[in-house]
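Let me begin by presenting the structure, written as structure tokens, before commenting on it.
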Protein chains: 2
Amino acid sequence: MPDGRVVATTDLLVEDRHFRRDWSTAADVGAKAAAQNLADVVAMGARPRTLLVGLACPASLPADWVLDMIGGLVAECRRAGASIAGGDVTGADRVMIAITALGELAVSRPVTRAGARPGDVVALAGSVGSSAAGLALLRAGKAAPGGDLDQLVRAHLRPQPPYPAGLAAAGRATAMIDVSDGLVQDLGHVAVASGVRIDIAAAELPCPEAVEMAAKLLGAQWRDWALTGGEDHALAATFPAGSVLPDGWRRVGDVREGDGVRVDGEPWTGQTGWEHFR
Amino acid sequence: MPDGRVVATTDLLVEDRHFRRDWSTAADVGAKAAAQNLADVVAMGARPRTLLVGLACPASLPADWVLDMIGGLVAECRRAGASIAGGDVTGADRVMIAITALGELAVSRPVTRAGARPGDVVALAGSVGSSAAGLALLRAGKAAPGGDLDQLVRAHLRPQPPYPAGLAAAGRATAMIDVSDGLVQDLGHVAVASGVRIDIAAAELPCPEAVEMAAKLLGAQWRDWALTGGEDHALAATFPAGSVLPDGWRRVGDVREGDGVRVDGEPWTGQTGWEHFR
């Protein structure tokens with residue numbers, strides 16, 4: 001827009017690809033749909049203002065499901081200080097939700113992926129790995145409501161992006177991104193856009209006790225979840241060397257000259273994260 | 001948005017519901033997807049600025065189809081003075097396109113559906129009925145490329161909203177709407193929002209010769225096409241009594257006290273237009 005103050009982002013959620021109606025309540029689906037878009041706005045240093053919501057669904061979908069889904073959208077918008085302005089409804093074979101989020105830049109320039117410089121500190125707000133652990137539990141049929149691991153399933157079904165930390169980074173971070181496709185993959189986007197190498201120190205990634213328990217239970221590596229699981233909707237950013245990090249951020253690596261992403265000094269050779277046409 | 005100058009609209013297009021890949025080229029699909037959103041922006045008296053484009057499609061969809069579709073989007077954006085800012089891509093069983101259009105208000109307040117007053121003149125920019133005639137020809141297998149009726153098929157596959165007329169109505173029209181679901185249905189929205197009755201004079205509706213030919217060929221009534229066919233993406237507006245209408249507008253009726261829509265003095269009892277869950 002001509003005044004350069006509007007940030008806009010759009011995302012599609014397709015039933016059985018991005019959510020399952022037997023795993024997620026309608027409110028969960030709505031809240032997550034809002035969260036992933038609102039986090040994208042905040043990741044540019046902008047204050048979320050409003051959502052547009054497109055809904056394609058079969059005529060047989062219960063109206064209550066739609067109302068509950070909207071309730072989830074509204075609840076998450078409230079967490080981020082936004083509201084719903086309008087949308088579109090159409091028939092389709094399968095539920096699909098198209099969200100557009102609009103935000104207003106609080107500072108004069110957006111924080112993009114392209115500003116990281118060698119010497120910058122790489123930092124994380126929010127956690128990574130809990131959502132992937134929750135998804136693994138759901139897939140393994142080991143998601144017991146109320147148990148110790150339920151927080152991981154909740155993290156998957158209803159992620160809570162760290163909006164205040166994102167806004168606190170506006171005007172201070174040199175680059176920022178919403179971790180939606182996995183930390184290695186998303187920091188890889190920053191590395192490419194900025195023309196730098198990013199070194200992640202895996203030991204600095206926070207590992208909640210429940211994630212460790214779930215990894216043991218499923219014979220999995222929590223590190224893989226933390227490095228390649230996307231849907232926690234954490235935020236990753238780079239800050240100038242010597243910065244005092246804003247509230248909610250912790251250092252997890254460094255920016256170097258070069259290209260690509262390294263983990264503990266080694267190029268990452270595993271799967272990097274979500275593949276959109278898998 | 002806080003400054004009150006941003007107009008935003010979103011629309012979903014679902015394959016086999018809003019378009020058929022055997023009838024429309026990819027460029028047609030893109031151009032029409034853009035047109036219907038850009039027309040919505042203009043119908044509020046705003047200048048279209050940018051589109052966000054969400055695309056859900058099977059992995060098997062040829063990349064050329066997508067590139068041509070984007071080419072159609074770009075071409076129609078150019079007609080309206082807009083560009084494409086970004087979007088999202090995801091896998092899905094069927095092609096679905098989610099467009100959001102953003103515009104900038106040229107005048108201080110948007111033109112809504114709610115400002116029509118008894119005594120106002122009802123006016124139309126663009127034509128109605130050609131698209132419905134084209135669709136009827138396609139359905140009847142009578143769409144011969146290059147023939148006299150081809151312009152109707154083109155009007156259906158690639159509507160050209162009267163953007164300049166819409167912008168000329170900003171600051172002058174008391175209410176305006178994009179005729180996307182049929183003239184009776186869309187003026188019905190204006191009647192409800194404004195708390196008025198709208199009288200359409202059917203004799204004032206322009207009937208292109210080709211539409212009359214198609215009606216004769218198919219044993220149809222052109223009036224039904226003109227009153228209930230939506231996809232021409234004409235604009236309908238109301239202007240204060242005695243207004244000199246801006247370029248591109250013709251008077252087609254009057255605003256009265258009361259409610260509902262009448263055609264030649266009679267309440268309309270036929271189908272009113274597009275039904276989203278039919």
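Going by the structure tokens order, chains are called A, B, ..., each with residues numbered from 1, while ligands are numbered from 1 in the order shown.
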For this session: Output as a VMD selection string the set of chain A residues within 9 Å of chain B, with distances taken over only C-alpha atoms.
Result: chain A and resid 1 to 2 6 8 to 15 17 49 to 50 52 to 56 58 to 59 85 to 92 98 to 100 102 to 104 276 to 278
Problem set entry | segment 254-271 of chain A environment, 7 Å, only C-alpha atoms, sequence neighbours closer than 3 positions dropped, as a ChimeraX atom specification | /A:117-122,184,188,191-192,195-202
Output N, CA and C atoms of each residue in that selection to a file, as a compact mmCIF listing (two decimals), in the first residue's frame.
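Contents of selection-v9.txt, as written:
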# COMPACT_ATOMS: atom_id res chain seq x y z
N ARG A 117 23.34 -10.23 9.39
CA ARG A 117 24.72 -9.92 9.01
C ARG A 117 25.67 -10.79 9.81
N PRO A 118 26.80 -11.18 9.21
CA PRO A 118 27.78 -11.98 9.96
C PRO A 118 28.11 -11.30 11.29
N GLY A 119 28.15 -12.10 12.35
CA GLY A 119 28.39 -11.55 13.68
C GLY A 119 27.12 -11.41 14.50
N ASP A 120 25.95 -11.35 13.80
CA ASP A 120 24.68 -11.25 14.53
C ASP A 120 24.46 -12.50 15.39
N VAL A 121 23.64 -12.33 16.41
CA VAL A 121 23.22 -13.42 17.28
C VAL A 121 21.91 -13.99 16.73
N VAL A 122 21.78 -15.32 16.71
CA VAL A 122 20.51 -15.95 16.33
C VAL A 122 19.74 -16.26 17.61
N VAL A 184 15.41 -25.49 10.93
CA VAL A 184 16.49 -25.54 9.94
C VAL A 184 16.02 -24.96 8.61
N GLY A 188 17.06 -21.45 7.11
CA GLY A 188 17.64 -21.56 5.77
C GLY A 188 17.13 -20.46 4.85
N ALA A 191 19.02 -17.45 5.77
CA ALA A 191 20.40 -17.53 5.28
C ALA A 191 20.47 -17.15 3.79
N VAL A 192 19.53 -17.69 3.01
CA VAL A 192 19.52 -17.39 1.57
C VAL A 192 19.22 -15.91 1.33
N GLY A 195 22.14 -13.83 2.52
CA GLY A 195 23.47 -14.14 2.01
C GLY A 195 24.46 -14.45 3.11
N VAL A 196 24.04 -15.24 4.08
CA VAL A 196 24.90 -15.57 5.23
C VAL A 196 24.78 -17.06 5.56
N ARG A 197 25.64 -17.54 6.48
CA ARG A 197 25.51 -18.87 7.04
C ARG A 197 24.93 -18.73 8.44
N ILE A 198 24.12 -19.67 8.83
CA ILE A 198 23.57 -19.63 10.17
C ILE A 198 23.99 -20.90 10.90
N ASP A 199 24.60 -20.72 12.07
CA ASP A 199 25.04 -21.84 12.92
C ASP A 199 24.09 -21.96 14.10
N ILE A 200 23.44 -23.13 14.20
CA ILE A 200 22.57 -23.38 15.35
C ILE A 200 23.36 -24.21 16.37
N ALA A 201 23.29 -23.80 17.64
CA ALA A 201 23.90 -24.59 18.73
C ALA A 201 22.78 -25.41 19.35
N ALA A 202 22.72 -26.70 18.98
CA ALA A 202 21.57 -27.52 19.39
C ALA A 202 21.42 -27.57 20.90
For this session: Could you give me, as a list in words, each residue of segment 208-252 of chain A that DSSP assigns to strand (DSSP E) when run on this structure's backbone?
Result: Ala234, Leu235, Ala236, Ala237, Thr238, Phe239, Trp249, Arg250, Arg251 and Val252 of chain A
For this session: Check segment 76-187 of chain A with DSSP on the backbone and list each residue it calls helix (DSSP H, G or I), as a PyMOL selection string.
Result: chain A and resi 76-80+130-139+150-157+163-169+183-187
Same residues, C-alpha atoms, output as an mmCIF file, in the first residue's frame:
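Saved the output as result-v1.cif:
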data_model
loop_
_atom_site.group_PDB
_atom_site.id
_atom_site.type_symbol
_atom_site.label_atom_id
_atom_site.label_comp_id
_atom_site.auth_asym_id
_atom_site.auth_seq_id
_atom_site.Cartn_x
_atom_site.Cartn_y
_atom_site.Cartn_z
ATOM 1 C CA GLU A 76 -6.742 -16.273 18.997
ATOM 2 C CA CYS A 77 -7.311 -12.848 17.417
ATOM 3 C CA ARG A 78 -8.008 -11.522 20.905
ATOM 4 C CA ARG A 79 -4.639 -12.906 22.141
ATOM 5 C CA ALA A 80 -2.951 -10.894 19.383
ATOM 6 C CA SER A 130 6.572 -29.708 21.325
ATOM 7 C CA SER A 131 4.198 -29.594 18.374
ATOM 8 C CA ALA A 132 6.112 -32.270 16.458
ATOM 9 C CA ALA A 133 6.139 -34.433 19.612
ATOM 10 C CA GLY A 134 2.382 -33.961 19.961
ATOM 11 C CA LEU A 135 1.836 -34.918 16.339
ATOM 12 C CA ALA A 136 3.990 -38.035 16.802
ATOM 13 C CA LEU A 137 1.909 -39.003 19.843
ATOM 14 C CA LEU A 138 -1.337 -38.530 17.895
ATOM 15 C CA ARG A 139 -0.002 -40.611 14.997
ATOM 16 C CA ASP A 150 -1.165 -33.852 26.895
ATOM 17 C CA GLN A 151 0.575 -30.461 26.833
ATOM 18 C CA LEU A 152 2.435 -31.648 23.713
ATOM 19 C CA VAL A 153 -0.776 -32.633 21.952
ATOM 20 C CA ARG A 154 -2.225 -29.240 22.944
ATOM 21 C CA ALA A 155 0.905 -27.549 21.586
ATOM 22 C CA HIS A 156 0.273 -29.288 18.266
ATOM 23 C CA LEU A 157 -3.449 -28.665 18.083
ATOM 24 C CA TYR A 163 3.295 -12.320 19.936
ATOM 25 C CA PRO A 164 4.674 -9.923 22.602
ATOM 26 C CA ALA A 165 8.243 -11.156 22.032
ATOM 27 C CA GLY A 166 7.823 -10.608 18.288
ATOM 28 C CA LEU A 167 6.586 -7.065 18.759
ATOM 29 C CA ALA A 168 9.429 -6.388 21.204
ATOM 30 C CA ALA A 169 11.893 -7.362 18.469
ATOM 31 C CA LEU A 183 13.844 -24.296 12.403
ATOM 32 C CA VAL A 184 16.486 -25.543 9.944
ATOM 33 C CA GLN A 185 14.275 -24.889 6.916
ATOM 34 C CA ASP A 186 13.079 -21.464 8.044
ATOM 35 C CA LEU A 187 16.518 -20.274 9.153
#
For this session: Work out how far apart atom CA of Leu124 of chain A and atom CA of Asp247 of chain A are and give it in Å to one decimal.
Result: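 One can read the atom CA of Leu124 of chain A to atom CA of Asp247 of chain A distance as 10.9 Å.
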Exercise. How far is it from atom CA of Glu212 of chain A to atom CA of Arg158 of chain A, in Å with one decimal?
Worked result: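 Separation of atom CA of Glu212 of chain A and atom CA of Arg158 of chain A: 20.1 Å.
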Exercise. Can you tell me, as a VMD selection string, what residues are no more than 10 Å from Ala170 of chain A when counting only C-alpha atoms, ignoring any on the same chain fewer than 2 positions away?
Worked result: chain A and resid 42 to 47 105 to 111 165 to 168 172 to 176 246
